[in-house]
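S.K.: Got a structure for you, questions after.
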Amino acid sequence: MQDTTQGYKDAVYAPARQVLARITVDVSDVEAEGDVTAVNNNTRSPAEAPYISNKAQMNDDLRRSTFKLATWEPDRLSLDGSFSFPDSVVENNGIVGFASNMLSDAQGLFLMDVTGLQLSPWIVFDFGSQHTSPGVTVTFHPDENEYATDFRVFASRGSGRGAVIIEDITITGNTLTTVDVTGNFLNYDKVYVEVQKWNKPFRRLRMQEVDFGLVKVFDGNSLITCNLTEQFDMTSGQLPSPEFTFTLDNSDRQYNILNPTGFAQYLQQRQTVEAELGVVLESGEVEYVPLGKYLLWEWTSEEGSMTATFKARTNMDLMSNYTYERLTPVTKSLYDLGVEIFGICGITNFSLDNSLKSITTNSLAKSVDCKTALQMVAIAGMCNIFISRDNIITVEKMKPPTTPVDRIDLDNVYAEPKIELQKSTKQVDITYWTDLNTSAIASAVDSTVTIGDTLSLEGITLINTQAQAKAVAGWLLAQKAYRNKYSINWRGNPAHELSDAVAIESTFSSTDNNAYITKQTLTFQGYLQVQTEAMG
């Protein structure tokens with residue numbers, strides 16, 4: 001479950017509540033971020049501030065600082081416990097972005113030499129190839145509402161005397177911490193951001209992120225509906241990937257495919273979509289919780305309704321496009337094999353349970369897609385797979401529920417939760433493979449079940465010993481013991497996540513029913529409604 005304040009906990013179940021939605025879409029060239037070959041600041045600037053600056057973090061899709069770090073800047077340090085001192089190891093300071101060594105003067109100008117001549121500091125991004133985008137988005141320092149009031153963004157192609165300025169835009173009188181600089185950035189290989197004036201005197205220039213495109217935020221003014229469906233299987237028998245859809249007002253036809261000046265021409269598959277739901281607190285502030293980070297997958301415009309609908313998915317879907325095969329044995333841990341499979345797909349946002357390090361396999365498999373190969377790793381390692389809210393593909397061994405993280409009570413449901421009793425499983429048969437042509441079967445039997453199904457699993461060639469096959473069979477039998485399926489139509493809590501253990505109130509018992517959340521469908525259309533499925 002997502003961490004939230006007590007104010008959020010009170011507001012989300014209040015008799016009257018207000019829920020807001022916010023969607024951030026990064027309309028950028030999806031290849032540009034990974035193609036940055038160098039990030040530099042002008043040589044007339046003093047060196048980067050030690051410990052509190054990391055210019056490489058300006059193109060990592062992270063636009064907030066991890067900590068508020070104490071520095072020598074007048075009227076900045078508050079003695080309220082919110083600041084911490086920077087560590088001498090830069091990595092321990094988390095996300096810091098770029099911070100200049102010099103301070104602005106009393107007018108917010110940066111005077112960079114002893115003569116008092118204003119030589120504006122700039123940052124330049126070099127690319128290995130040419131890129132095109134509808135603009136550049138600069139995020140300064142939103143954590144403390146600091147920004148450049150006057151700055152310039154320009155892009156070029158080529159180097160030396162042959163360099164050509166592609167676009168050159170100057171912004172004056174800015175009052176935003178994140179600024180969309182719209183323009184025709186066509187076929188550039190360098191992007192410069194030059195700052196002339198800061199909004200506060202005697203402060204460092206701070207820049208969290210530069211996106212090579214426009215970061216568009218949609219909320220109640222333009223967002224009509226959004227929907228998230230996320231699910232996981234307690235036996236890892238299926239690997240459903242989350243799907244996030246949202247519908248926008250398209251009355252200005254910006255998302256019509258045939259509009260030559262619209263945004264549709266800049267939309268690309270795999271552009272980042274970040275979704276949040278917020279609850280209005282008693283104080284009037286809004287506390288947002290993430291629904292996840294997704295990849296834009298497809299989009300359509302509906303002429304009759306003047307709307308445009310977008311679907312976004314995750315890297316899990318991309319894994320089906322890659323193949324894993326090993327016909328000669330190589331002994332390694334399931335953990336190392338999982339790392340190898342993600343590497344084949346070029347995926348870095350993953351988490352593997354440490355228990356997989358102690359389970360070995362001969363790695364044998366005939367040609368399968370990498371999504372199936374990961375499923376084989378999970379089952380052989382007795383783990384579950386789900387996508388976390390920060391888009392981490394997680395392979396994790398579920399722990400027995402102790403104290404539920406939250407309670408779904410009858411005051412917040414629209415109807416009595418439906419309970420279905422699934423079929424009993426008496427026996428599980430697992431086929432294990434000493435090589436790709438030689439197999440045998442190991443079984444686990446639940447002696448407490450008189451009549452029940454037999455589950456047979458044959459194709460997991462990563463299971464190579466009788467002992468491991470028996471362990472997997474016992475694990476599956478234990479997972480199948482969660483037979484009570486709860487279906488709940490209720491007001492919902494966006495902070496709930498897959499695999500959370502929750503308590504479910506019942507009118508037929510004074511004792512709550514504890515269950516794991518296995519599926520959620522969150523629908524926002526000015527208000528929030530949630531369909532939750534849980535197994536207990």
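Following the order of the structure tokens, chains are lettered A, B, ..., residues in each are numbered from 1, and ligands are numbered from 1.
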Hey, could you make a per-residue contact list for region 300-361 of chain A against region 255-267 of chain A with 12 Å as the cut-off, showing the nearest pair of atoms and its distance in Å to one decimal, counting only C-alpha atoms, sorted by chain and number, as a tab-separated table?
M.R.:
```
residue	atom	partner	partner_atom	distance
A:Thr300	CA	A:Asn256	CA	8.0
A:Ser301	CA	A:Asn256	CA	5.8
A:Glu302	CA	A:Asn256	CA	8.6
A:Glu303	CA	A:Asn256	CA	8.4
A:Met306	CA	A:Asn256	CA	9.7
A:Thr307	CA	A:Tyr255	CA	8.7
A:Ala308	CA	A:Tyr255	CA	6.6
A:Thr309	CA	A:Tyr255	CA	9.4
A:Phe310	CA	A:Tyr255	CA	10.3
```
S.K.: Those same residues - N, CA, C and O atoms - I'd like them written as a short mmCIF file (atom, residue, chain, number, x, y, z; two decimals), in the first residue's frame.
M.R.:
```cif
data_model
loop_
_atom_site.label_atom_id
_atom_site.label_comp_id
_atom_site.auth_asym_id
_atom_site.auth_seq_id
_atom_site.Cartn_x
_atom_site.Cartn_y
_atom_site.Cartn_z
N THR A 300 -6.82 7.06 -30.54
CA THR A 300 -7.82 7.30 -31.58
C THR A 300 -8.55 8.59 -31.26
O THR A 300 -8.69 8.98 -30.10
N SER A 301 -9.03 9.27 -32.29
CA SER A 301 -9.86 10.46 -32.10
C SER A 301 -11.28 10.15 -32.57
O SER A 301 -11.47 9.53 -33.62
N GLU A 302 -12.26 10.55 -31.76
CA GLU A 302 -13.67 10.29 -32.08
C GLU A 302 -14.30 11.60 -32.54
O GLU A 302 -14.54 12.50 -31.72
N GLU A 303 -14.51 11.72 -33.82
CA GLU A 303 -15.03 12.97 -34.39
C GLU A 303 -16.40 13.32 -33.82
O GLU A 303 -16.67 14.48 -33.50
N MET A 306 -16.08 14.49 -30.19
CA MET A 306 -15.04 15.50 -30.00
C MET A 306 -14.09 15.12 -28.86
O MET A 306 -13.70 15.94 -28.04
N THR A 307 -13.74 13.84 -28.80
CA THR A 307 -12.83 13.36 -27.78
C THR A 307 -11.72 12.55 -28.43
O THR A 307 -11.80 12.15 -29.60
N ALA A 308 -10.67 12.31 -27.66
CA ALA A 308 -9.58 11.43 -28.10
C ALA A 308 -9.28 10.47 -26.96
O ALA A 308 -9.22 10.87 -25.80
N THR A 309 -9.10 9.19 -27.30
CA THR A 309 -8.87 8.15 -26.30
C THR A 309 -7.49 7.55 -26.48
O THR A 309 -7.07 7.26 -27.61
N PHE A 310 -6.80 7.33 -25.38
CA PHE A 310 -5.43 6.83 -25.40
C PHE A 310 -5.33 5.59 -24.52
O PHE A 310 -5.95 5.51 -23.45
#
```
S.K.: So that I can check the secondary structure, give me every residue of region 21-267 of chain A assigned helix (DSSP H, G or I) by backbone DSSP, as a count of residues only.
M.R.: 21
S.K.: For Lys311 (chain A), which residue out of A:Val405, A:Val25, A:Val530, A:Leu421 is the nearest one, using only C-alpha atoms?
M.R.: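 The shortest atom-to-atom distance to Lys311 (chain A) comes from A:Val25.
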S.K.: Of the candidates A:Thr177, A:Thr372, A:Gln427, A:Thr521, which one gets nearest to Asp453 (chain A) if we count only C-alpha atoms?
M.R.: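 Checking each of A:Thr177, A:Thr372, A:Gln427, A:Thr521 against Asp453 (chain A), counting only C-alpha atoms, the winner is A:Gln427.
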S.K.: Quick one: contact table of region 278-348 of chain A to region 8-14 of chain A, 9 Å max, nearest atom pair and distance in Å to one decimal per residue, counting only C-alpha atoms, chain and number order, as CSV?
M.R.:
```
residue,atom,partner,partner_atom,distance
A:Val279,CA,A:Val12,CA,6.4
A:Val280,CA,A:Ala11,CA,7.0
A:Leu281,CA,A:Ala11,CA,5.6
A:Glu282,CA,A:Ala11,CA,6.9
A:Val286,CA,A:Tyr8,CA,8.8
A:Glu287,CA,A:Tyr8,CA,6.7
```
S.K.: Just write the chosen residues, N, CA and C atoms, as a CSV table (one decimal), in the first residue's frame.
M.R.:
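The new file out.csv reads:
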```csv
chain,number,residue,atom,x,y,z
A,279,VAL,N,-6.7,13.1,-3.5
A,279,VAL,CA,-7.9,13.3,-2.6
A,279,VAL,C,-7.7,14.7,-1.9
A,280,VAL,N,-8.8,15.5,-2.0
A,280,VAL,CA,-8.8,16.8,-1.4
A,280,VAL,C,-8.9,16.6,0.2
A,281,LEU,N,-7.9,17.1,0.9
A,281,LEU,CA,-7.9,17.0,2.3
A,281,LEU,C,-8.8,18.1,3.0
A,282,GLU,N,-9.0,17.9,4.3
A,282,GLU,CA,-9.8,18.9,5.0
A,282,GLU,C,-9.2,20.3,4.9
A,286,VAL,N,-4.4,19.1,-1.9
A,286,VAL,CA,-4.7,17.8,-2.6
A,286,VAL,C,-3.5,16.9,-2.4
A,287,GLU,N,-3.7,15.7,-1.9
A,287,GLU,CA,-2.6,14.7,-1.8
A,287,GLU,C,-2.8,13.6,-2.9
```
S.K.: Pick out the residues sitting within 7 Å of region 459-467 of chain A, and hand them over as a PDB file with all heavy atoms, in the first residue's frame; count only C-alpha atoms, and ignore anything fewer than 2 positions along from it in its own chain.
M.R.:
```pdb
ATOM      1  N   THR A 361      19.391 -23.712 -11.849  1.00  0.00           N
ATOM      2  CA  THR A 361      18.750 -24.314 -13.012  1.00  0.00           C
ATOM      3  C   THR A 361      19.805 -24.540 -14.082  1.00  0.00           C
ATOM      4  O   THR A 361      20.845 -23.877 -14.081  1.00  0.00           O
ATOM      5  CB  THR A 361      17.632 -23.400 -13.554  1.00  0.00           C
ATOM      6  OG1 THR A 361      17.075 -23.981 -14.743  1.00  0.00           O
ATOM      7  CG2 THR A 361      18.160 -22.019 -13.895  1.00  0.00           C
ATOM      8  N   ASN A 362      19.520 -25.486 -14.993  1.00  0.00           N
ATOM      9  CA  ASN A 362      20.449 -25.680 -16.125  1.00  0.00           C
ATOM     10  C   ASN A 362      20.129 -24.733 -17.276  1.00  0.00           C
ATOM     11  O   ASN A 362      20.770 -24.790 -18.330  1.00  0.00           O
ATOM     12  CB  ASN A 362      20.443 -27.134 -16.594  1.00  0.00           C
ATOM     13  CG  ASN A 362      19.077 -27.605 -17.078  1.00  0.00           C
ATOM     14  OD1 ASN A 362      18.205 -26.805 -17.421  1.00  0.00           O
ATOM     15  ND2 ASN A 362      18.878 -28.922 -17.103  1.00  0.00           N
ATOM     16  N   SER A 363      19.102 -23.865 -17.090  1.00  0.00           N
ATOM     17  CA  SER A 363      18.763 -22.778 -18.037  1.00  0.00           C
ATOM     18  C   SER A 363      18.215 -23.262 -19.365  1.00  0.00           C
ATOM     19  O   SER A 363      18.077 -22.478 -20.295  1.00  0.00           O
ATOM     20  CB  SER A 363      19.990 -21.883 -18.299  1.00  0.00           C
ATOM     21  OG  SER A 363      20.598 -21.466 -17.120  1.00  0.00           O
ATOM     22  N   LEU A 364      17.885 -24.542 -19.472  1.00  0.00           N
ATOM     23  CA  LEU A 364      17.452 -25.083 -20.757  1.00  0.00           C
ATOM     24  C   LEU A 364      16.033 -24.654 -21.100  1.00  0.00           C
ATOM     25  O   LEU A 364      15.128 -24.695 -20.257  1.00  0.00           O
ATOM     26  CB  LEU A 364      17.529 -26.604 -20.731  1.00  0.00           C
ATOM     27  CG  LEU A 364      18.930 -27.215 -20.680  1.00  0.00           C
ATOM     28  CD1 LEU A 364      18.853 -28.724 -20.470  1.00  0.00           C
ATOM     29  CD2 LEU A 364      19.703 -26.897 -21.952  1.00  0.00           C
ATOM     30  N   ALA A 365      15.850 -24.261 -22.348  1.00  0.00           N
ATOM     31  CA  ALA A 365      14.512 -23.931 -22.848  1.00  0.00           C
ATOM     32  C   ALA A 365      14.555 -23.886 -24.361  1.00  0.00           C
ATOM     33  O   ALA A 365      15.490 -23.325 -24.942  1.00  0.00           O
ATOM     34  CB  ALA A 365      14.019 -22.608 -22.291  1.00  0.00           C
ATOM     35  N   MET A 376       8.394 -18.761 -16.453  1.00  0.00           N
ATOM     36  CA  MET A 376       9.025 -20.010 -16.049  1.00  0.00           C
ATOM     37  C   MET A 376       9.959 -19.800 -14.858  1.00  0.00           C
ATOM     38  O   MET A 376      10.005 -20.615 -13.929  1.00  0.00           O
ATOM     39  CB  MET A 376       9.782 -20.613 -17.232  1.00  0.00           C
ATOM     40  CG  MET A 376       8.881 -21.086 -18.368  1.00  0.00           C
ATOM     41  SD  MET A 376       9.779 -21.458 -19.902  1.00  0.00           S
ATOM     42  CE  MET A 376      10.822 -22.817 -19.380  1.00  0.00           C
ATOM     43  N   ALA A 380       9.305 -21.653 -11.277  1.00  0.00           N
ATOM     44  CA  ALA A 380      10.392 -22.494 -10.762  1.00  0.00           C
ATOM     45  C   ALA A 380      10.916 -21.962  -9.435  1.00  0.00           C
ATOM     46  O   ALA A 380      11.381 -22.730  -8.583  1.00  0.00           O
ATOM     47  CB  ALA A 380      11.519 -22.573 -11.782  1.00  0.00           C
ATOM     48  N   TYR A 432       9.584 -32.420 -14.197  1.00  0.00           N
ATOM     49  CA  TYR A 432      10.922 -31.818 -14.149  1.00  0.00           C
ATOM     50  C   TYR A 432      11.793 -32.446 -15.221  1.00  0.00           C
ATOM     51  O   TYR A 432      11.596 -33.596 -15.630  1.00  0.00           O
ATOM     52  CB  TYR A 432      11.552 -31.953 -12.755  1.00  0.00           C
ATOM     53  CG  TYR A 432      11.797 -33.355 -12.260  1.00  0.00           C
ATOM     54  CD1 TYR A 432      13.046 -33.963 -12.404  1.00  0.00           C
ATOM     55  CD2 TYR A 432      10.784 -34.072 -11.612  1.00  0.00           C
ATOM     56  CE1 TYR A 432      13.271 -35.249 -11.932  1.00  0.00           C
ATOM     57  CE2 TYR A 432      11.007 -35.348 -11.147  1.00  0.00           C
ATOM     58  CZ  TYR A 432      12.258 -35.935 -11.304  1.00  0.00           C
ATOM     59  OH  TYR A 432      12.480 -37.210 -10.841  1.00  0.00           O
ATOM     60  N   TRP A 433      12.766 -31.673 -15.688  1.00  0.00           N
ATOM     61  CA  TRP A 433      13.530 -32.019 -16.887  1.00  0.00           C
ATOM     62  C   TRP A 433      15.022 -32.064 -16.566  1.00  0.00           C
ATOM     63  O   TRP A 433      15.611 -31.050 -16.191  1.00  0.00           O
ATOM     64  CB  TRP A 433      13.277 -30.988 -17.988  1.00  0.00           C
ATOM     65  CG  TRP A 433      11.825 -30.857 -18.355  1.00  0.00           C
ATOM     66  CD1 TRP A 433      10.851 -30.188 -17.670  1.00  0.00           C
ATOM     67  CD2 TRP A 433      11.176 -31.450 -19.475  1.00  0.00           C
ATOM     68  NE1 TRP A 433       9.643 -30.303 -18.293  1.00  0.00           N
ATOM     69  CE2 TRP A 433       9.807 -31.083 -19.424  1.00  0.00           C
ATOM     70  CE3 TRP A 433      11.610 -32.259 -20.532  1.00  0.00           C
ATOM     71  CZ2 TRP A 433       8.880 -31.486 -20.357  1.00  0.00           C
ATOM     72  CZ3 TRP A 433      10.685 -32.652 -21.481  1.00  0.00           C
ATOM     73  CH2 TRP A 433       9.331 -32.274 -21.390  1.00  0.00           C
ATOM     74  N   THR A 434      15.634 -33.236 -16.737  1.00  0.00           N
ATOM     75  CA  THR A 434      17.089 -33.326 -16.571  1.00  0.00           C
ATOM     76  C   THR A 434      17.794 -32.850 -17.833  1.00  0.00           C
ATOM     77  O   THR A 434      18.930 -32.393 -17.790  1.00  0.00           O
ATOM     78  CB  THR A 434      17.511 -34.760 -16.239  1.00  0.00           C
ATOM     79  OG1 THR A 434      16.946 -35.657 -17.210  1.00  0.00           O
ATOM     80  CG2 THR A 434      16.999 -35.144 -14.851  1.00  0.00           C
ATOM     81  N   ALA A 442       7.007 -35.277 -10.319  1.00  0.00           N
ATOM     82  CA  ALA A 442       6.957 -35.263  -8.861  1.00  0.00           C
ATOM     83  C   ALA A 442       5.634 -34.632  -8.451  1.00  0.00           C
ATOM     84  O   ALA A 442       5.119 -33.752  -9.143  1.00  0.00           O
ATOM     85  CB  ALA A 442       8.130 -34.495  -8.280  1.00  0.00           C
ATOM     86  N   LEU A 457       1.516 -29.537 -14.413  1.00  0.00           N
ATOM     87  CA  LEU A 457       2.361 -28.510 -15.015  1.00  0.00           C
ATOM     88  C   LEU A 457       3.534 -29.217 -15.681  1.00  0.00           C
ATOM     89  O   LEU A 457       4.342 -29.871 -15.003  1.00  0.00           O
ATOM     90  CB  LEU A 457       2.849 -27.535 -13.942  1.00  0.00           C
ATOM     91  CG  LEU A 457       3.361 -26.177 -14.399  1.00  0.00           C
ATOM     92  CD1 LEU A 457       2.275 -25.397 -15.114  1.00  0.00           C
ATOM     93  CD2 LEU A 457       3.857 -25.372 -13.206  1.00  0.00           C
ATOM     94  N   ALA A 469      11.025 -29.898  -7.964  1.00  0.00           N
ATOM     95  CA  ALA A 469       9.674 -30.139  -8.474  1.00  0.00           C
ATOM     96  C   ALA A 469       8.693 -30.342  -7.319  1.00  0.00           C
ATOM     97  O   ALA A 469       7.567 -29.830  -7.336  1.00  0.00           O
ATOM     98  CB  ALA A 469       9.668 -31.342  -9.399  1.00  0.00           C
ATOM     99  N   LYS A 470       9.114 -31.093  -6.282  1.00  0.00           N
ATOM    100  CA  LYS A 470       8.248 -31.294  -5.123  1.00  0.00           C
ATOM    101  C   LYS A 470       7.987 -29.972  -4.396  1.00  0.00           C
ATOM    102  O   LYS A 470       6.872 -29.708  -3.929  1.00  0.00           O
ATOM    103  CB  LYS A 470       8.884 -32.307  -4.166  1.00  0.00           C
ATOM    104  CG  LYS A 470       8.694 -33.770  -4.570  1.00  0.00           C
ATOM    105  CD  LYS A 470       9.286 -34.698  -3.542  1.00  0.00           C
ATOM    106  CE  LYS A 470       8.920 -36.139  -3.828  1.00  0.00           C
ATOM    107  NZ  LYS A 470       7.450 -36.396  -3.659  1.00  0.00           N
ATOM    108  N   ALA A 471       9.030 -29.141  -4.304  1.00  0.00           N
ATOM    109  CA  ALA A 471       8.865 -27.846  -3.638  1.00  0.00           C
ATOM    110  C   ALA A 471       7.876 -26.969  -4.399  1.00  0.00           C
ATOM    111  O   ALA A 471       7.015 -26.317  -3.796  1.00  0.00           O
ATOM    112  CB  ALA A 471      10.216 -27.152  -3.507  1.00  0.00           C
TER     113      ALA A 471
END
```
